[in-house]
Amino acid sequence: MKEDMPKDPLMLMSFINMKLRDFYPSLDALCDDMDVDRKELESKMAEIGMEYNESANKFW
């Protein structure tokens with residue numbers, strides 16, 4: 001994960017979902033623009049039982 005992203009998984013989920021809601025049409029767009037590894041992000045979210053829902057464009 002990037003240094004400026006929250007380390008706590010719940011805070012990270014909130015941060016990512018806010019970015020997806022307000023700025024990005026998809027997780028791929030967010031990852032490309034923010035230079036984040038999608039697999040690493042999804043793995044981090046899976047640690048707290050969250051997965052990306054493409055139709056809702058958010059983790060839950």
# chains A, B, ... in the order shown; residues from 1 in each chain; ligands from 1
>>> select_by_dssp(residues="chain A", states="strand (DSSP E)", output="VMD selection string")
chain A and resid 52 to 53 58 to 59
>>> write_last_selection(atoms="all heavy atoms", output="PDB file, in the first residue's frame")
ATOM      1  N   TYR A  52     -14.554  -6.550  -3.135  1.00  0.00           N
ATOM      2  CA  TYR A  52     -15.012  -5.517  -4.055  1.00  0.00           C
ATOM      3  C   TYR A  52     -16.237  -6.000  -4.811  1.00  0.00           C
ATOM      4  O   TYR A  52     -16.265  -7.099  -5.337  1.00  0.00           O
ATOM      5  CB  TYR A  52     -13.903  -5.148  -5.047  1.00  0.00           C
ATOM      6  CG  TYR A  52     -14.307  -4.093  -6.049  1.00  0.00           C
ATOM      7  CD1 TYR A  52     -14.583  -2.800  -5.632  1.00  0.00           C
ATOM      8  CD2 TYR A  52     -14.415  -4.395  -7.389  1.00  0.00           C
ATOM      9  CE1 TYR A  52     -14.951  -1.826  -6.549  1.00  0.00           C
ATOM     10  CE2 TYR A  52     -14.775  -3.432  -8.315  1.00  0.00           C
ATOM     11  CZ  TYR A  52     -15.040  -2.148  -7.881  1.00  0.00           C
ATOM     12  OH  TYR A  52     -15.418  -1.178  -8.795  1.00  0.00           O
ATOM     13  N   ASN A  53     -17.273  -5.162  -4.836  1.00  0.00           N
ATOM     14  CA  ASN A  53     -18.487  -5.430  -5.595  1.00  0.00           C
ATOM     15  C   ASN A  53     -18.493  -4.469  -6.774  1.00  0.00           C
ATOM     16  O   ASN A  53     -18.632  -3.258  -6.596  1.00  0.00           O
ATOM     17  CB  ASN A  53     -19.720  -5.235  -4.716  1.00  0.00           C
ATOM     18  CG  ASN A  53     -20.996  -5.520  -5.470  1.00  0.00           C
ATOM     19  OD1 ASN A  53     -21.392  -4.745  -6.334  1.00  0.00           O
ATOM     20  ND2 ASN A  53     -21.636  -6.624  -5.144  1.00  0.00           N
ATOM     21  N   LYS A  58     -17.853  -0.640  -4.756  1.00  0.00           N
ATOM     22  CA  LYS A  58     -17.370  -0.440  -3.402  1.00  0.00           C
ATOM     23  C   LYS A  58     -17.012  -1.772  -2.766  1.00  0.00           C
ATOM     24  O   LYS A  58     -17.382  -2.833  -3.255  1.00  0.00           O
ATOM     25  CB  LYS A  58     -18.395   0.282  -2.540  1.00  0.00           C
ATOM     26  CG  LYS A  58     -19.648  -0.521  -2.250  1.00  0.00           C
ATOM     27  CD  LYS A  58     -20.578   0.298  -1.354  1.00  0.00           C
ATOM     28  CE  LYS A  58     -21.808  -0.505  -0.973  1.00  0.00           C
ATOM     29  NZ  LYS A  58     -22.674   0.271  -0.086  1.00  0.00           N
ATOM     30  N   PHE A  59     -16.246  -1.664  -1.678  1.00  0.00           N
ATOM     31  CA  PHE A  59     -15.945  -2.843  -0.869  1.00  0.00           C
ATOM     32  C   PHE A  59     -17.040  -2.993   0.158  1.00  0.00           C
ATOM     33  O   PHE A  59     -17.510  -2.031   0.741  1.00  0.00           O
ATOM     34  CB  PHE A  59     -14.584  -2.684  -0.169  1.00  0.00           C
ATOM     35  CG  PHE A  59     -13.428  -2.969  -1.062  1.00  0.00           C
ATOM     36  CD1 PHE A  59     -12.808  -1.946  -1.757  1.00  0.00           C
ATOM     37  CD2 PHE A  59     -12.947  -4.257  -1.216  1.00  0.00           C
ATOM     38  CE1 PHE A  59     -11.726  -2.206  -2.600  1.00  0.00           C
ATOM     39  CE2 PHE A  59     -11.869  -4.534  -2.044  1.00  0.00           C
ATOM     40  CZ  PHE A  59     -11.269  -3.499  -2.734  1.00  0.00           C
TER      41      PHE A  59
END
>>> closest_residue(among="A:Asn57, A:Met1, A:Lys7, A:Glu40", to="Phe23 (chain A)", atoms="only C-alpha atoms")
A:Asn57
>>> residues_around(residues="Ser26 (chain A)", least_positions_apart="2", cutoff="9 Å", atoms="only C-alpha atoms", output="list in words")
Leu20, Tyr24, Asp28, Ala29, Leu30, Cys31, Glu54, Asn57 and Lys58 of chain A
>>> atom_distance(atom1="CA of Met34 (chain A)", atom2="CA of Ala56 (chain A)")
20.1 Å
>>> atom_distance(atom1="CA of Ser43 (chain A)", atom2="CA of Met13 (chain A)")
11.8 Å
>>> residues_around(residues="Met45 (chain A)", least_positions_apart="3", cutoff="8 Å", atoms="only C-alpha atoms", output="ChimeraX atom specification")
/A:9,13,41-42,48-51,59
>>> write_last_selection(atoms="N, CA, C and O atoms", output="compact mmCIF listing (two decimals), in the first residue's frame")
# COMPACT_ATOMS: atom_id res chain seq x y z
N PRO A 9 -7.13 -1.49 8.41
CA PRO A 9 -7.98 -2.01 7.34
C PRO A 9 -9.37 -1.37 7.26
O PRO A 9 -9.87 -1.10 6.17
N MET A 13 -10.67 0.80 4.13
CA MET A 13 -11.91 0.53 3.41
C MET A 13 -12.74 1.80 3.26
O MET A 13 -13.25 2.11 2.18
N LEU A 41 -4.40 -4.63 -2.62
CA LEU A 41 -5.53 -3.96 -1.98
C LEU A 41 -6.65 -4.94 -1.67
O LEU A 41 -7.19 -4.96 -0.56
N GLU A 42 -7.00 -5.78 -2.63
CA GLU A 42 -8.06 -6.76 -2.41
C GLU A 42 -7.67 -7.76 -1.32
O GLU A 42 -8.53 -8.17 -0.52
N ILE A 48 -10.28 -8.50 6.43
CA ILE A 48 -11.39 -8.11 7.30
C ILE A 48 -12.73 -8.55 6.71
O ILE A 48 -13.78 -8.05 7.08
N GLY A 49 -12.67 -9.49 5.77
CA GLY A 49 -13.89 -10.07 5.22
C GLY A 49 -14.60 -9.23 4.18
O GLY A 49 -15.78 -9.45 3.90
N MET A 50 -13.90 -8.26 3.61
CA MET A 50 -14.50 -7.38 2.61
C MET A 50 -14.03 -7.77 1.21
O MET A 50 -12.90 -8.18 1.03
N GLU A 51 -14.94 -7.63 0.25
CA GLU A 51 -14.56 -7.86 -1.14
C GLU A 51 -15.18 -6.78 -2.00
O GLU A 51 -16.18 -6.16 -1.63
N PHE A 59 -16.25 -1.66 -1.68
CA PHE A 59 -15.94 -2.84 -0.87
C PHE A 59 -17.04 -2.99 0.16
O PHE A 59 -17.51 -2.03 0.74
>>> select_by_dssp(residues="chain A", states="alpha helix (DSSP H)", output="ChimeraX atom specification")
/A:9-22,27-34,38-46
>>> write_last_selection(atoms="N, CA and C atoms", output="PDB file, in the first residue's frame")
ATOM      1  N   PRO A   9      -7.131  -1.495   8.406  1.00  0.00           N
ATOM      2  CA  PRO A   9      -7.983  -2.012   7.336  1.00  0.00           C
ATOM      3  C   PRO A   9      -9.373  -1.365   7.260  1.00  0.00           C
ATOM      4  N   LEU A  10      -9.987  -1.068   8.405  1.00  0.00           N
ATOM      5  CA  LEU A  10     -11.312  -0.430   8.373  1.00  0.00           C
ATOM      6  C   LEU A  10     -11.226   1.003   7.871  1.00  0.00           C
ATOM      7  N   MET A  11     -10.190   1.719   8.286  1.00  0.00           N
ATOM      8  CA  MET A  11      -9.994   3.085   7.794  1.00  0.00           C
ATOM      9  C   MET A  11      -9.659   3.063   6.300  1.00  0.00           C
ATOM     10  N   LEU A  12      -8.877   2.071   5.890  1.00  0.00           N
ATOM     11  CA  LEU A  12      -8.533   1.932   4.480  1.00  0.00           C
ATOM     12  C   LEU A  12      -9.786   1.678   3.649  1.00  0.00           C
ATOM     13  N   MET A  13     -10.674   0.799   4.133  1.00  0.00           N
ATOM     14  CA  MET A  13     -11.908   0.529   3.414  1.00  0.00           C
ATOM     15  C   MET A  13     -12.737   1.804   3.263  1.00  0.00           C
ATOM     16  N   SER A  14     -12.867   2.569   4.327  1.00  0.00           N
ATOM     17  CA  SER A  14     -13.614   3.825   4.275  1.00  0.00           C
ATOM     18  C   SER A  14     -12.982   4.795   3.276  1.00  0.00           C
ATOM     19  N   PHE A  15     -11.672   4.904   3.314  1.00  0.00           N
ATOM     20  CA  PHE A  15     -10.932   5.783   2.413  1.00  0.00           C
ATOM     21  C   PHE A  15     -11.139   5.380   0.946  1.00  0.00           C
ATOM     22  N   ILE A  16     -10.981   4.085   0.668  1.00  0.00           N
ATOM     23  CA  ILE A  16     -11.124   3.586  -0.701  1.00  0.00           C
ATOM     24  C   ILE A  16     -12.558   3.748  -1.192  1.00  0.00           C
ATOM     25  N   ASN A  17     -13.527   3.411  -0.350  1.00  0.00           N
ATOM     26  CA  ASN A  17     -14.926   3.550  -0.765  1.00  0.00           C
ATOM     27  C   ASN A  17     -15.292   5.004  -1.038  1.00  0.00           C
ATOM     28  N   MET A  18     -14.756   5.934  -0.254  1.00  0.00           N
ATOM     29  CA  MET A  18     -15.002   7.357  -0.499  1.00  0.00           C
ATOM     30  C   MET A  18     -14.408   7.768  -1.840  1.00  0.00           C
ATOM     31  N   LYS A  19     -13.195   7.316  -2.119  1.00  0.00           N
ATOM     32  CA  LYS A  19     -12.555   7.640  -3.398  1.00  0.00           C
ATOM     33  C   LYS A  19     -13.350   7.050  -4.566  1.00  0.00           C
ATOM     34  N   LEU A  20     -13.802   5.797  -4.399  1.00  0.00           N
ATOM     35  CA  LEU A  20     -14.595   5.156  -5.456  1.00  0.00           C
ATOM     36  C   LEU A  20     -15.905   5.907  -5.672  1.00  0.00           C
ATOM     37  N   ARG A  21     -16.552   6.291  -4.612  1.00  0.00           N
ATOM     38  CA  ARG A  21     -17.834   6.999  -4.706  1.00  0.00           C
ATOM     39  C   ARG A  21     -17.673   8.377  -5.365  1.00  0.00           C
ATOM     40  N   ASP A  22     -16.646   9.100  -4.959  1.00  0.00           N
ATOM     41  CA  ASP A  22     -16.525  10.499  -5.377  1.00  0.00           C
ATOM     42  C   ASP A  22     -15.687  10.741  -6.631  1.00  0.00           C
ATOM     43  N   LEU A  27     -12.669   0.112  -9.605  1.00  0.00           N
ATOM     44  CA  LEU A  27     -11.469  -0.151  -8.815  1.00  0.00           C
ATOM     45  C   LEU A  27     -10.223  -0.093  -9.691  1.00  0.00           C
ATOM     46  N   ASP A  28     -10.327  -0.572 -10.920  1.00  0.00           N
ATOM     47  CA  ASP A  28      -9.180  -0.502 -11.828  1.00  0.00           C
ATOM     48  C   ASP A  28      -8.755   0.944 -12.075  1.00  0.00           C
ATOM     49  N   ALA A  29      -9.729   1.837 -12.260  1.00  0.00           N
ATOM     50  CA  ALA A  29      -9.414   3.249 -12.491  1.00  0.00           C
ATOM     51  C   ALA A  29      -8.714   3.850 -11.274  1.00  0.00           C
ATOM     52  N   LEU A  30      -9.205   3.525 -10.081  1.00  0.00           N
ATOM     53  CA  LEU A  30      -8.579   4.022  -8.855  1.00  0.00           C
ATOM     54  C   LEU A  30      -7.148   3.507  -8.749  1.00  0.00           C
ATOM     55  N   CYS A  31      -6.968   2.218  -8.943  1.00  0.00           N
ATOM     56  CA  CYS A  31      -5.630   1.620  -8.816  1.00  0.00           C
ATOM     57  C   CYS A  31      -4.657   2.188  -9.842  1.00  0.00           C
ATOM     58  N   ASP A  32      -5.115   2.360 -11.066  1.00  0.00           N
ATOM     59  CA  ASP A  32      -4.247   2.935 -12.104  1.00  0.00           C
ATOM     60  C   ASP A  32      -3.842   4.357 -11.746  1.00  0.00           C
ATOM     61  N   ASP A  33      -4.802   5.171 -11.346  1.00  0.00           N
ATOM     62  CA  ASP A  33      -4.532   6.576 -11.071  1.00  0.00           C
ATOM     63  C   ASP A  33      -3.694   6.766  -9.805  1.00  0.00           C
ATOM     64  N   MET A  34      -3.973   5.965  -8.786  1.00  0.00           N
ATOM     65  CA  MET A  34      -3.279   6.126  -7.515  1.00  0.00           C
ATOM     66  C   MET A  34      -2.036   5.236  -7.408  1.00  0.00           C
ATOM     67  N   ARG A  38      -3.804  -3.664  -7.300  1.00  0.00           N
ATOM     68  CA  ARG A  38      -5.170  -4.118  -7.029  1.00  0.00           C
ATOM     69  C   ARG A  38      -5.180  -5.399  -6.202  1.00  0.00           C
ATOM     70  N   LYS A  39      -4.334  -6.359  -6.543  1.00  0.00           N
ATOM     71  CA  LYS A  39      -4.307  -7.633  -5.808  1.00  0.00           C
ATOM     72  C   LYS A  39      -3.930  -7.406  -4.344  1.00  0.00           C
ATOM     73  N   GLU A  40      -2.984  -6.541  -4.110  1.00  0.00           N
ATOM     74  CA  GLU A  40      -2.567  -6.230  -2.739  1.00  0.00           C
ATOM     75  C   GLU A  40      -3.712  -5.570  -1.970  1.00  0.00           C
ATOM     76  N   LEU A  41      -4.402  -4.634  -2.617  1.00  0.00           N
ATOM     77  CA  LEU A  41      -5.529  -3.956  -1.981  1.00  0.00           C
ATOM     78  C   LEU A  41      -6.649  -4.941  -1.667  1.00  0.00           C
ATOM     79  N   GLU A  42      -6.997  -5.779  -2.633  1.00  0.00           N
ATOM     80  CA  GLU A  42      -8.063  -6.756  -2.411  1.00  0.00           C
ATOM     81  C   GLU A  42      -7.671  -7.758  -1.322  1.00  0.00           C
ATOM     82  N   SER A  43      -6.416  -8.111  -1.257  1.00  0.00           N
ATOM     83  CA  SER A  43      -5.935  -9.014  -0.210  1.00  0.00           C
ATOM     84  C   SER A  43      -6.065  -8.371   1.164  1.00  0.00           C
ATOM     85  N   LYS A  44      -5.710  -7.106   1.250  1.00  0.00           N
ATOM     86  CA  LYS A  44      -5.817  -6.371   2.517  1.00  0.00           C
ATOM     87  C   LYS A  44      -7.276  -6.294   2.953  1.00  0.00           C
ATOM     88  N   MET A  45      -8.179  -6.059   2.036  1.00  0.00           N
ATOM     89  CA  MET A  45      -9.602  -5.978   2.362  1.00  0.00           C
ATOM     90  C   MET A  45     -10.160  -7.356   2.747  1.00  0.00           C
ATOM     91  N   ALA A  46      -9.652  -8.400   2.129  1.00  0.00           N
ATOM     92  CA  ALA A  46     -10.097  -9.762   2.441  1.00  0.00           C
ATOM     93  C   ALA A  46      -9.746 -10.134   3.884  1.00  0.00           C
TER      94      ALA A  46
END
>>> decode(residues="chain A", atoms="C-alpha atoms", output="compact mmCIF listing (two decimals), in the first residue's frame")
# COMPACT_ATOMS: atom_id res chain seq x y z
CA MET A 1 0.00 0.00 0.00
CA LYS A 2 1.04 3.54 -0.54
CA GLU A 3 2.45 5.47 2.41
CA ASP A 4 -0.31 8.10 2.35
CA MET A 5 -3.09 5.51 2.63
CA PRO A 6 -4.50 4.45 6.01
CA LYS A 7 -2.83 1.40 7.53
CA ASP A 8 -5.84 0.26 9.55
CA PRO A 9 -7.98 -2.01 7.34
CA LEU A 10 -11.31 -0.43 8.37
CA MET A 11 -9.99 3.08 7.79
CA LEU A 12 -8.53 1.93 4.48
CA MET A 13 -11.91 0.53 3.41
CA SER A 14 -13.61 3.83 4.28
CA PHE A 15 -10.93 5.78 2.41
CA ILE A 16 -11.12 3.59 -0.70
CA ASN A 17 -14.93 3.55 -0.77
CA MET A 18 -15.00 7.36 -0.50
CA LYS A 19 -12.56 7.64 -3.40
CA LEU A 20 -14.60 5.16 -5.46
CA ARG A 21 -17.83 7.00 -4.71
CA ASP A 22 -16.52 10.50 -5.38
CA PHE A 23 -13.80 10.14 -8.01
CA TYR A 24 -13.51 6.76 -9.75
CA PRO A 25 -15.89 4.68 -11.89
CA SER A 26 -14.10 1.42 -11.01
CA LEU A 27 -11.47 -0.15 -8.82
CA ASP A 28 -9.18 -0.50 -11.83
CA ALA A 29 -9.41 3.25 -12.49
CA LEU A 30 -8.58 4.02 -8.86
CA CYS A 31 -5.63 1.62 -8.82
CA ASP A 32 -4.25 2.93 -12.10
CA ASP A 33 -4.53 6.58 -11.07
CA MET A 34 -3.28 6.13 -7.51
CA ASP A 35 -0.58 3.61 -8.51
CA VAL A 36 -1.96 0.93 -6.17
CA ASP A 37 -1.59 -2.81 -6.71
CA ARG A 38 -5.17 -4.12 -7.03
CA LYS A 39 -4.31 -7.63 -5.81
CA GLU A 40 -2.57 -6.23 -2.74
CA LEU A 41 -5.53 -3.96 -1.98
CA GLU A 42 -8.06 -6.76 -2.41
CA SER A 43 -5.94 -9.01 -0.21
CA LYS A 44 -5.82 -6.37 2.52
CA MET A 45 -9.60 -5.98 2.36
CA ALA A 46 -10.10 -9.76 2.44
CA GLU A 47 -8.31 -9.80 5.82
CA ILE A 48 -11.39 -8.11 7.30
CA GLY A 49 -13.89 -10.07 5.22
CA MET A 50 -14.50 -7.38 2.61
CA GLU A 51 -14.56 -7.86 -1.14
CA TYR A 52 -15.01 -5.52 -4.06
CA ASN A 53 -18.49 -5.43 -5.60
CA GLU A 54 -18.18 -4.19 -9.16
CA SER A 55 -21.86 -3.31 -9.65
CA ALA A 56 -21.90 -1.23 -6.45
CA ASN A 57 -18.32 0.03 -7.03
CA LYS A 58 -17.37 -0.44 -3.40
CA PHE A 59 -15.94 -2.84 -0.87
CA TRP A 60 -18.37 -4.56 1.47
